[in-house]
Amino acid sequence: MTLFRSMAIRMALVYILLICGFGYVVQALYGVQIARHGELFEKAQNTYTTRIKTHGVRGEIYDFGGSLLVGNMPTMDIIGDPANILILNKKDEEEADRECRMIADFFAEKCGNVNADEVYRRLTRRTITTTNADGDKVEHDCHYAVIATGIEYNAAKTLKDEVKELAFHGVSFTSSYRRNYPKDTMLANILGLTNFDADKFIPVQGIERTLDEAMTATSGSMVYERARNGSSVSFANSKSEPTLDGYDIYLTIREPLQAIVEEELDLMCERVKPHAAWAVLVDPTTGDVLAAAQRPTFNPNDRGTMNSESSKNRLSELALEPGSIMKPFVISYALDRGFVTPGTIVDCEQGVWKYAGRLLHDTHNVGKVPVTEIIKQSSNIGTAKVSVMMGQKNLDTALRSFGFGQKTGIQLRPETSGIFRPLEKWDSLSVSRFCIGQGIAVSPLQLARAYCMIANGGYKVNLRLVDRIERGNDVRVMPVIKEKTSIFANPETTKKMITEMMIGVTEAGGTCTEAAIEGFHVAGKTGTAQKVINGAYSNRYYASFVGFVPAEAPKFVLLVTCDDPTVGSRYGGSASGPTFKAIAERTLKYLHVQPQLSREEWLAERSAAQKALHERKVREDAIVQARREERDRQLKAEKTKETAKRTTTATATASTATSTSANRPRTVSASAAAAARSTLVRR
Amino acid sequence: MNQFTKKTSPSGDGVETGRQNTPWIAGLIFKMALMMIIIFAAFFARVHLNDKTEQLAREKTLITRQIQERQTEIQSLRIQIANLRRWENINSKIREYNLALRSANPSQLRYMKRFDARVETSSPFGGDTRVADTSTGIPSSESGTIH
């Protein structure tokens, strides 16, 4: 019985112990599986889950035909792991330091811009101190030290192999890319540039800045469970958000034409040594900017070439007084609205005219000439008189309808809208000055657009620099924005009249015969504008030539400007005209534009114009000679008459004096001498 | 006693021996073994497939990495090509090799008429109705228009 009771107690104890044990296990399991599930699950997940942020690629920039202008160049960054170097050297600091020195010397030798001492310093800094949220300083192992960045891909691959061979510890190569401008200085001021900060691009200027939003890639992410070797476990959960590359930009620029313009602009800079120069080539039908070059410029791949002058985008940011290249706008409007006809005679006052109390000069004396000759000879007085005839309101309407005072719509920021006072702020002199490009400031792009309007019959068109943006199959074409109604009441007639006048500029007797191109009629206009420095006109000039070819069916409008030519002539015709010709000639060949005239026809036309000019000059000289002779004759007759009159008076006085000479001999002789002296002086 | 109804042991003493149960146990063991084999086969098949999947995934990763490398190389080459296609480079080569390349003068250019066969129709009277731009002799696509 005792035995039985003892057994029962023991059994009960065992049961109790088992139940307690089971209870403890249940409680522990509850704690692990239920109470701390979230925390522990996350902890576990973190050890076998990898989260990666993926980056898309920034959009590239191409010319119209797909030639790369701005690309993404693959590079590699070389990173060291100081803490790991120590661990892999079995925590032997001396050994680790020796390896760090070897690594630093190796990369300093292989990569030009690496400072061995600096790299050694970074690699031997094995701990870093950070401040946590509580403000306490915490020391961590350092696993990141930059050895070199932006190493060109192929060079980095070679280095990688060498590092593998040398068995350096704790050196890794990470892929990245840099913005590259394979054409160096070509179109640099328009394309702009970016800076690279951490893992993103910071646009600085140009297209890179204007279209940054479209070109920026969207980052994505990838979350996956990894195996021991770091690869993703295929049957486990994974999640990914796709990255989106940025849009590629296709400009309206044609690279071959751009190369031509850049080359000729360089030659012009060598020839006239200006402070700055620019040229812009535009399709007058669509407003497409085909080429746009400026000097000084810079190489975006070499930031050392950048300064405030070379990085300026003068085409859209500069507002300058255009000078005589404004004249065709006023004359064309006056012709269109019937204020004048090409044959209307205007008295150009032989080079000097006073209006509103101020004198206006021409660079050469022009007399009474038809309106056609005003453009051909670039008469300030003639244009001012036509402008005065139109009145302030019409002049304001004319210039505004050509787009002055407004932006051109080009995809470039910043863009100036120029300086063009509202009508109510004009003074009495404005009407005679704005028409000759004084007192008004315009940008080169505004001028190019205004000439497009003359070339296309008065249809206002926005300038286009971006043709389309593309991302895979997603293609967005930028529309051509062109007004459907012409600013001219009679587009065809007005265009024909003003074009004929502008053709005269490049013919014999015009201000820029240097711009004539064999086989073509070239319509153009010269401009020589004084630069305004500190609010006053200076002795420095903007020498411009703008025109379109072929005159009757223009394929392009070309503006060439020289800012302050220091060698040779300062006039637009001499400084910019030859460059206009060179660019236009090569562009016509590139575009396969058939000559309008054969060589013989063209030469015959030129010699006929020369002959006509010669005959006109002979005629004018004869008229001037006849007038001069007539004037001389009249003067001579007047003088003879006066001399005779004086002689008669003197004789009469002398006879009177003789009769009284006995009383006053000295006085008479003195007055006779005075009369004779006065006659001499007058002669 | 009917000898045909009496169940007798082979030894004839009427007592059942272990040998009498052998087929029953063997059958059970066989069935269990078969089941085990099937389970193990399924298990190993699954393990093998997982291994295979992992192996393929590794290969895929490797190939993806190689493709990425090739793409990077292609990108690098594209930049190099764009660089070499700069007019300055081409021009310097023309000078270096003294190539007598120059563009034609306008007077040297001649344009040929080209008829578009698609608009050619045969007249029942044998008349020629071909269409061409007779003013320039150039079809619009070749007349130097930019677009």
# chains A, B, ... in the order shown; residues from 1 in each chain; ligands from 1
$ residues_around --residues "A:Thr408" --least-positions-apart "6" --cutoff "12 Å" --atoms "only C-alpha atoms" --output "VMD selection string"
chain A and resid 287 to 289 315 to 317 402 414 to 418 442 to 450 452 460 to 465 481 to 482
$ write_last_selection --atoms "C-alpha atoms" --output "JSON list (two decimals), in the first residue's frame"
[["chain", "number", "residue", "atom", "x", "y", "z"],
["A", 287, "GLY", "CA", 11.19, 77.57, -87.47],
["A", 288, "ASP", "CA", 13.63, 74.67, -86.96],
["A", 289, "VAL", "CA", 17.01, 75.83, -85.73],
["A", 315, "LEU", "CA", 21.71, 83.63, -78.77],
["A", 316, "SER", "CA", 18.84, 83.64, -76.32],
["A", 317, "GLU", "CA", 20.14, 85.69, -73.41],
["A", 402, "PHE", "CA", 7.48, 90.78, -86.30],
["A", 414, "PRO", "CA", 16.49, 81.75, -69.80],
["A", 415, "GLU", "CA", 15.38, 83.62, -72.89],
["A", 416, "THR", "CA", 15.19, 87.38, -73.12],
["A", 417, "SER", "CA", 12.26, 89.09, -74.79],
["A", 418, "GLY", "CA", 14.47, 92.09, -75.52],
["A", 442, "VAL", "CA", 16.54, 92.34, -79.51],
["A", 443, "SER", "CA", 18.06, 88.91, -79.16],
["A", 444, "PRO", "CA", 19.78, 87.16, -82.09],
["A", 445, "LEU", "CA", 17.02, 84.53, -82.05],
["A", 446, "GLN", "CA", 14.33, 87.21, -82.29],
["A", 447, "LEU", "CA", 16.11, 88.63, -85.32],
["A", 448, "ALA", "CA", 16.38, 85.23, -86.94],
["A", 449, "ARG", "CA", 12.67, 84.60, -86.40],
["A", 450, "ALA", "CA", 11.72, 88.02, -87.77],
["A", 452, "CYS", "CA", 12.00, 83.92, -91.18],
["A", 460, "LYS", "CA", 4.82, 84.10, -87.60],
["A", 461, "VAL", "CA", 6.52, 80.88, -86.59],
["A", 462, "ASN", "CA", 7.90, 79.83, -83.23],
["A", 463, "LEU", "CA", 11.50, 78.68, -83.21],
["A", 464, "ARG", "CA", 11.98, 74.97, -82.54],
["A", 465, "LEU", "CA", 15.10, 73.46, -81.08],
["A", 481, "ILE", "CA", 3.66, 76.42, -84.07],
["A", 482, "LYS", "CA", 2.96, 78.69, -86.98]]
$ closest_atom_pairs --of "chain A" --to "chain B" --cutoff "7 Å" --atoms "only C-alpha atoms" --output "JSON lines"
{"residue": "A:Leu68", "atom": "CA", "partner": "B:Ala82", "partner_atom": "CA", "distance": 6.0}
{"residue": "A:Gly71", "atom": "CA", "partner": "B:Ile79", "partner_atom": "CA", "distance": 6.7}
{"residue": "A:Met73", "atom": "CA", "partner": "B:Ser76", "partner_atom": "CA", "distance": 5.9}
{"residue": "A:Pro74", "atom": "CA", "partner": "B:Ser76", "partner_atom": "CA", "distance": 6.0}
{"residue": "A:Pro182", "atom": "CA", "partner": "B:Asn83", "partner_atom": "CA", "distance": 4.6}
{"residue": "A:Lys183", "atom": "CA", "partner": "B:Arg86", "partner_atom": "CA", "distance": 5.8}
{"residue": "A:Ser234", "atom": "CA", "partner": "B:Glu54", "partner_atom": "CA", "distance": 6.4}
{"residue": "A:Ala259", "atom": "CA", "partner": "B:Trp87", "partner_atom": "CA", "distance": 6.3}
{"residue": "A:Gly519", "atom": "CA", "partner": "B:Pro106", "partner_atom": "CA", "distance": 6.6}
{"residue": "A:Leu591", "atom": "CA", "partner": "B:Gly144", "partner_atom": "CA", "distance": 4.6}
{"residue": "A:His592", "atom": "CA", "partner": "B:Gly144", "partner_atom": "CA", "distance": 4.9}
{"residue": "A:Val593", "atom": "CA", "partner": "B:Gly144", "partner_atom": "CA", "distance": 5.1}
{"residue": "A:Pro595", "atom": "CA", "partner": "B:Pro106", "partner_atom": "CA", "distance": 6.1}
{"residue": "A:Ser598", "atom": "CA", "partner": "B:Ser107", "partner_atom": "CA", "distance": 6.4}
{"residue": "A:Arg599", "atom": "CA", "partner": "B:Ser107", "partner_atom": "CA", "distance": 6.0}
$ write_last_selection --atoms "C-alpha atoms" --output "mmCIF file, in the first residue's frame"
data_model
loop_
_atom_site.group_PDB
_atom_site.id
_atom_site.type_symbol
_atom_site.label_atom_id
_atom_site.label_comp_id
_atom_site.auth_asym_id
_atom_site.auth_seq_id
_atom_site.Cartn_x
_atom_site.Cartn_y
_atom_site.Cartn_z
ATOM 1 C CA LEU A 68 24.937 61.521 -80.423
ATOM 2 C CA GLY A 71 25.718 60.621 -73.971
ATOM 3 C CA MET A 73 29.707 57.264 -70.629
ATOM 4 C CA PRO A 74 30.089 54.102 -68.513
ATOM 5 C CA PRO A 182 31.554 63.516 -77.532
ATOM 6 C CA LYS A 183 31.605 66.556 -79.825
ATOM 7 C CA SER A 234 14.081 31.973 -57.179
ATOM 8 C CA ALA A 259 30.021 71.598 -88.091
ATOM 9 C CA GLY A 519 24.199 80.651 -109.135
ATOM 10 C CA LEU A 591 21.074 70.451 -98.900
ATOM 11 C CA HIS A 592 21.527 69.716 -102.626
ATOM 12 C CA VAL A 593 19.821 72.932 -103.608
ATOM 13 C CA PRO A 595 21.433 76.689 -108.512
ATOM 14 C CA SER A 598 23.926 78.888 -114.652
ATOM 15 C CA ARG A 599 27.376 80.392 -114.220
#
$ residues_around --residues "A:Arg121" --least-positions-apart "3" --cutoff "10 Å" --atoms "only C-alpha atoms" --output "mmCIF file with N, CA and C atoms, in the first residue's frame"
data_model
loop_
_atom_site.group_PDB
_atom_site.id
_atom_site.type_symbol
_atom_site.label_atom_id
_atom_site.label_comp_id
_atom_site.auth_asym_id
_atom_site.auth_seq_id
_atom_site.Cartn_x
_atom_site.Cartn_y
_atom_site.Cartn_z
ATOM 1 N N ASP A 97 48.461 47.988 -42.942
ATOM 2 C CA ASP A 97 48.989 49.278 -43.393
ATOM 3 C C ASP A 97 49.883 49.123 -44.613
ATOM 4 N N CYS A 100 47.704 48.669 -47.523
ATOM 5 C CA CYS A 100 47.072 49.958 -47.885
ATOM 6 C C CYS A 100 48.047 50.816 -48.699
ATOM 7 N N ARG A 101 49.310 50.830 -48.282
ATOM 8 C CA ARG A 101 50.324 51.599 -48.998
ATOM 9 C C ARG A 101 50.499 51.072 -50.419
ATOM 10 N N ALA A 104 47.445 52.107 -52.479
ATOM 11 C CA ALA A 104 47.493 53.543 -52.794
ATOM 12 C C ALA A 104 48.519 53.825 -53.892
ATOM 13 N N ALA A 116 48.495 59.415 -53.900
ATOM 14 C CA ALA A 116 48.782 58.193 -53.136
ATOM 15 C C ALA A 116 48.640 58.406 -51.626
ATOM 16 N N ASP A 117 49.150 59.538 -51.141
ATOM 17 C CA ASP A 117 49.093 59.793 -49.694
ATOM 18 C C ASP A 117 47.662 59.957 -49.203
ATOM 19 N N GLU A 118 46.879 60.634 -50.026
ATOM 20 C CA GLU A 118 45.479 60.864 -49.662
ATOM 21 C C GLU A 118 44.719 59.529 -49.599
ATOM 22 N N THR A 124 43.566 53.837 -44.297
ATOM 23 C CA THR A 124 43.995 53.464 -42.944
ATOM 24 C C THR A 124 43.080 54.033 -41.863
ATOM 25 N N ARG A 125 42.046 54.719 -42.290
ATOM 26 C CA ARG A 125 41.052 55.233 -41.323
ATOM 27 C C ARG A 125 39.986 54.141 -41.165
ATOM 28 N N ARG A 126 40.196 53.292 -40.172
ATOM 29 C CA ARG A 126 39.379 52.058 -40.103
ATOM 30 C C ARG A 126 38.095 52.213 -39.313
ATOM 31 N N ALA A 145 35.794 53.753 -48.495
ATOM 32 C CA ALA A 145 36.812 54.782 -48.751
ATOM 33 C C ALA A 145 37.005 54.897 -50.255
#
$ select_by_dssp --residues "stretch 404-560 of chain A" --states "alpha helix (DSSP H)" --output "VMD selection string"
chain A and resid 430 to 433 444 to 455 491 to 505
$ write_last_selection --atoms "C-alpha atoms" --output "CSV table (one decimal), in the first residue's frame"
chain,number,residue,atom,x,y,z
A,430,SER,CA,11.7,107.1,-81.1
A,431,VAL,CA,9.9,106.9,-84.4
A,432,SER,CA,13.1,107.9,-86.2
A,433,ARG,CA,15.4,105.7,-84.2
A,444,PRO,CA,19.8,87.2,-82.1
A,445,LEU,CA,17.0,84.5,-82.1
A,446,GLN,CA,14.3,87.2,-82.3
A,447,LEU,CA,16.1,88.6,-85.3
A,448,ALA,CA,16.4,85.2,-86.9
A,449,ARG,CA,12.7,84.6,-86.4
A,450,ALA,CA,11.7,88.0,-87.8
A,451,TYR,CA,13.7,87.3,-90.9
A,452,CYS,CA,12.0,83.9,-91.2
A,453,MET,CA,8.8,85.9,-91.4
A,454,ILE,CA,10.1,88.0,-94.2
A,455,ALA,CA,11.3,84.9,-96.0
A,491,PRO,CA,1.9,88.4,-98.5
A,492,GLU,CA,3.1,87.4,-102.0
A,493,THR,CA,3.5,90.9,-103.3
A,494,THR,CA,5.1,92.3,-100.2
A,495,LYS,CA,7.5,89.4,-100.0
A,496,LYS,CA,8.5,89.8,-103.6
A,497,MET,CA,9.1,93.5,-103.2
A,498,ILE,CA,11.2,93.4,-100.1
A,499,THR,CA,13.1,90.4,-101.4
A,500,GLU,CA,14.0,92.2,-104.5
A,501,MET,CA,15.2,95.1,-102.5
A,502,MET,CA,17.3,92.8,-100.3
A,503,ILE,CA,18.8,91.1,-103.3
A,504,GLY,CA,20.1,94.5,-104.2
A,505,VAL,CA,22.2,94.5,-101.1
$ atom_distance --atom1 "atom CA of A:Ala214" --atom2 "atom CA of A:Gly246"
6.1 Å
$ residues_around --residues "A:Ala279" --least-positions-apart "6" --cutoff "10 Å" --atoms "only C-alpha atoms" --output "ChimeraX atom specification"
/A:258,261-262,264-265,291-295,315,444-445,448,544-546,558-562,576,579-580,583
$ residues_around --residues "A:Glu60" --least-positions-apart "5" --cutoff "7 Å" --atoms "only C-alpha atoms" --output "list in words"
Val70, Gly71, Asn72, Asp248 and Ile249 of chain A
$ write_last_selection --atoms "C-alpha atoms" --output "short mmCIF file (atom, residue, chain, number, x, y, z; two decimals), in the first residue's frame"
data_model
loop_
_atom_site.label_atom_id
_atom_site.label_comp_id
_atom_site.auth_asym_id
_atom_site.auth_seq_id
_atom_site.Cartn_x
_atom_site.Cartn_y
_atom_site.Cartn_z
CA VAL A 70 25.35 64.18 -75.21
CA GLY A 71 25.72 60.62 -73.97
CA ASN A 72 26.19 58.61 -70.82
CA ASP A 248 16.06 60.85 -75.24
CA ILE A 249 15.98 64.29 -76.81
#
$ closest_residue --among "A:Met389, A:Val26, A:Leu603, A:Leu86" --to "A:Leu335" --atoms "only C-alpha atoms"
A:Met389
$ atom_distance --atom1 "atom CA of A:Pro370" --atom2 "atom CA of A:Pro342"
6.4 Å
$ residues_around --residues "A:Lys376" --least-positions-apart "3" --cutoff "12 Å" --atoms "only C-alpha atoms" --output "MDAnalysis selection string"
chainID A and resid 324:325 327:328 331 342 366 369:373 379:380 382:383 498:513 523:527 573 613
$ write_last_selection --atoms "N, CA and C atoms" --output "short mmCIF file (atom, residue, chain, number, x, y, z; two decimals), in the first residue's frame"
data_model
loop_
_atom_site.label_atom_id
_atom_site.label_comp_id
_atom_site.auth_asym_id
_atom_site.auth_seq_id
_atom_site.Cartn_x
_atom_site.Cartn_y
_atom_site.Cartn_z
N SER A 324 21.11 98.48 -88.56
CA SER A 324 20.40 98.55 -89.84
C SER A 324 19.64 97.30 -90.24
N ILE A 325 19.91 96.18 -89.59
CA ILE A 325 19.17 94.97 -90.00
C ILE A 325 17.69 95.06 -89.60
N LYS A 327 15.89 97.60 -90.71
CA LYS A 327 15.23 98.40 -91.76
C LYS A 327 14.21 97.62 -92.61
N PRO A 328 14.54 96.38 -93.04
CA PRO A 328 13.58 95.68 -93.89
C PRO A 328 12.19 95.48 -93.25
N ILE A 331 10.37 98.87 -93.76
CA ILE A 331 10.09 99.12 -95.18
C ILE A 331 9.04 98.12 -95.70
N PRO A 342 7.88 100.75 -104.11
CA PRO A 342 9.34 100.66 -104.34
C PRO A 342 9.89 101.87 -105.10
N VAL A 366 23.63 110.23 -99.39
CA VAL A 366 22.61 109.74 -100.32
C VAL A 366 21.66 110.89 -100.59
N VAL A 369 16.43 109.31 -103.57
CA VAL A 369 16.49 107.94 -104.11
C VAL A 369 15.14 107.25 -103.93
N PRO A 370 14.87 106.22 -104.77
CA PRO A 370 13.64 105.46 -104.55
C PRO A 370 13.79 104.56 -103.31
N VAL A 371 12.68 104.06 -102.79
CA VAL A 371 12.69 103.24 -101.57
C VAL A 371 13.61 102.02 -101.74
N THR A 372 13.64 101.46 -102.94
CA THR A 372 14.50 100.30 -103.22
C THR A 372 15.95 100.59 -102.82
N GLU A 373 16.38 101.81 -103.15
CA GLU A 373 17.77 102.18 -102.86
C GLU A 373 18.03 102.39 -101.37
N SER A 379 20.21 103.43 -96.02
CA SER A 379 20.13 104.83 -95.59
C SER A 379 19.30 104.96 -94.31
N ASN A 380 19.93 105.49 -93.28
CA ASN A 380 19.22 105.73 -92.02
C ASN A 380 18.14 106.79 -92.21
N GLY A 382 16.63 107.80 -94.98
CA GLY A 382 15.52 107.32 -95.82
C GLY A 382 14.55 106.47 -95.00
N THR A 383 15.10 105.54 -94.22
CA THR A 383 14.23 104.66 -93.41
C THR A 383 13.48 105.47 -92.36
N ILE A 498 10.07 93.21 -101.06
CA ILE A 498 11.16 93.37 -100.07
C ILE A 498 12.34 92.45 -100.42
N THR A 499 12.01 91.26 -100.98
CA THR A 499 13.10 90.35 -101.36
C THR A 499 13.94 90.97 -102.46
N GLU A 500 13.26 91.58 -103.44
CA GLU A 500 14.01 92.21 -104.54
C GLU A 500 14.93 93.31 -104.02
N MET A 501 14.41 94.05 -103.05
CA MET A 501 15.24 95.12 -102.45
C MET A 501 16.45 94.53 -101.74
N MET A 502 16.19 93.43 -101.02
CA MET A 502 17.28 92.81 -100.26
C MET A 502 18.28 92.11 -101.16
N ILE A 503 17.83 91.66 -102.33
CA ILE A 503 18.77 91.07 -103.29
C ILE A 503 19.77 92.15 -103.72
N GLY A 504 19.26 93.39 -103.84
CA GLY A 504 20.10 94.52 -104.24
C GLY A 504 21.29 94.73 -103.29
N VAL A 505 21.11 94.33 -102.04
CA VAL A 505 22.19 94.53 -101.06
C VAL A 505 23.44 93.74 -101.44
N THR A 506 23.24 92.57 -102.07
CA THR A 506 24.40 91.74 -102.41
C THR A 506 24.83 91.94 -103.87
N GLU A 507 24.15 92.87 -104.55
CA GLU A 507 24.52 93.14 -105.94
C GLU A 507 25.39 94.40 -106.00
N ALA A 508 25.90 94.67 -107.17
CA ALA A 508 26.77 95.85 -107.34
C ALA A 508 26.05 97.08 -106.83
N GLY A 509 26.74 97.87 -106.00
CA GLY A 509 26.13 99.07 -105.43
C GLY A 509 25.49 98.83 -104.09
N GLY A 510 25.33 97.58 -103.72
CA GLY A 510 24.76 97.26 -102.41
C GLY A 510 25.83 97.33 -101.34
N THR A 511 25.41 97.14 -100.08
CA THR A 511 26.38 97.28 -98.98
C THR A 511 27.15 95.99 -98.69
N CYS A 512 26.78 94.89 -99.37
CA CYS A 512 27.53 93.65 -99.09
C CYS A 512 27.60 92.74 -100.32
N THR A 513 28.42 93.13 -101.25
CA THR A 513 28.59 92.30 -102.45
C THR A 513 29.38 91.03 -102.10
N ALA A 523 19.22 87.25 -100.76
CA ALA A 523 18.56 88.41 -100.15
C ALA A 523 19.14 88.62 -98.77
N GLY A 524 19.64 89.80 -98.52
CA GLY A 524 20.28 90.00 -97.21
C GLY A 524 20.25 91.44 -96.77
N LYS A 525 20.77 91.67 -95.60
CA LYS A 525 20.86 93.03 -95.07
C LYS A 525 22.03 93.11 -94.10
N THR A 526 22.76 94.19 -94.24
CA THR A 526 23.89 94.40 -93.33
C THR A 526 23.43 95.22 -92.12
N GLY A 527 24.19 95.14 -91.08
CA GLY A 527 23.90 95.96 -89.90
C GLY A 527 25.17 96.26 -89.16
N GLY A 573 28.93 94.29 -93.52
CA GLY A 573 29.15 93.69 -94.83
C GLY A 573 30.54 93.08 -94.96
N LEU A 613 24.92 100.08 -112.57
CA LEU A 613 25.43 100.91 -111.48
C LEU A 613 26.40 101.96 -112.01
#
